[in-house]
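Step one of this worksheet: look at the structure below.
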Amino acid sequence: MTEAQKNPFEIALDELGAVLGRVDPAAIDRACHMLADAPQIIVYGCGREALQVKGFAMRLFHLGFRAPA
């Protein structure tokens, strides 16, 4: 199937899969440990990114972290 014949969702999923395939799992573990060991996590965003950042801060708060947005 050519790229033009693919569903846009399939294209997006393929692109996300390609990016995630290049992520180093050890780097994710290090980032998780850094977050878990931090006394406070500050998050910041503007515009549409602020909505995502606030959602991330809320999830961190639900997990028991201090994460003011």
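Ordering of the structure tokens sets the chain letters (A, B, ...); residue numbers start at 1 within each chain; ligands are numbered from 1 in the order shown.
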
Skipping near chain neighbours, those fewer than 3 positions away, what residues fall within 12 Å of segment 19-36 of chain A using only C-alpha atoms, listed as a list in words?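 After dropping sequence-adjacent residues, the list is Ala12, Leu13, Asp14, Glu15, Leu16, Pro39, Gln40, Ile41, Ile42, Val43, Ala57, Leu60, Phe61, Leu63, Gly64, Phe65, Arg66 and Ala67 of chain A.
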
Next, write the just-selected residues to a file, as a tab-separated table (two decimals), in the first residue's frame, keeping N, CA and C atoms as the atom set.
chain	number	residue	atom	x	y	z
A	12	ALA	N	-0.04	8.44	11.06
A	12	ALA	CA	0.35	9.02	12.35
A	12	ALA	C	0.90	7.94	13.28
A	13	LEU	N	0.24	6.80	13.33
A	13	LEU	CA	0.71	5.71	14.19
A	13	LEU	C	2.06	5.17	13.74
A	14	ASP	N	2.26	5.08	12.44
A	14	ASP	CA	3.56	4.64	11.92
A	14	ASP	C	4.65	5.61	12.31
A	15	GLU	N	4.35	6.92	12.21
A	15	GLU	CA	5.35	7.93	12.57
A	15	GLU	C	5.66	7.88	14.06
A	16	LEU	N	4.62	7.75	14.88
A	16	LEU	CA	4.85	7.65	16.33
A	16	LEU	C	5.65	6.40	16.67
A	39	PRO	N	12.19	16.70	45.02
A	39	PRO	CA	11.31	17.16	46.09
A	39	PRO	C	10.08	17.90	45.55
A	40	GLN	N	10.24	18.52	44.39
A	40	GLN	CA	9.14	19.26	43.76
A	40	GLN	C	9.39	19.27	42.25
A	41	ILE	N	8.33	19.18	41.48
A	41	ILE	CA	8.44	19.19	40.02
A	41	ILE	C	7.68	20.41	39.52
A	42	ILE	N	8.39	21.32	38.86
A	42	ILE	CA	7.77	22.53	38.32
A	42	ILE	C	7.50	22.30	36.85
A	43	VAL	N	6.29	22.59	36.40
A	43	VAL	CA	5.94	22.46	34.99
A	43	VAL	C	5.46	23.81	34.49
A	57	ALA	N	0.74	17.79	35.22
A	57	ALA	CA	0.91	18.16	36.63
A	57	ALA	C	-0.17	17.51	37.49
A	60	LEU	N	0.72	13.90	38.01
A	60	LEU	CA	1.80	13.80	39.00
A	60	LEU	C	1.24	14.00	40.41
A	61	PHE	N	0.35	14.98	40.57
A	61	PHE	CA	-0.27	15.24	41.87
A	61	PHE	C	-1.05	14.01	42.33
A	63	LEU	N	-0.41	11.05	41.69
A	63	LEU	CA	0.56	10.03	42.08
A	63	LEU	C	1.28	10.38	43.38
A	64	GLY	N	0.98	11.56	43.95
A	64	GLY	CA	1.56	11.93	45.23
A	64	GLY	C	2.76	12.85	45.15
A	65	PHE	N	3.04	13.41	43.98
A	65	PHE	CA	4.16	14.33	43.82
A	65	PHE	C	3.71	15.77	44.03
A	66	ARG	N	4.64	16.63	44.46
A	66	ARG	CA	4.36	18.07	44.51
A	66	ARG	C	4.67	18.59	43.11
A	67	ALA	N	3.64	19.04	42.40
A	67	ALA	CA	3.82	19.49	41.03
A	67	ALA	C	2.92	20.69	40.73

DSSP-assigned helix (DSSP H, G or I) members of chain A, reported as a count of residues only: 45

Between atom CA of Pro8 of chain A and atom CA of Glu49 of chain A - distance in Å to one decimal: 23.0 Å

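If you look at atom CA of Glu10 of chain A and atom CA of Arg48 of chain A, they are 24.4 Å away from each other.
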
Any idea what the distance is between atom CA of Phe9 of chain A and atom CA of Arg59 of chain A?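 Between atom CA of Phe9 of chain A and atom CA of Arg59 of chain A the gap works out to 26.4 Å.
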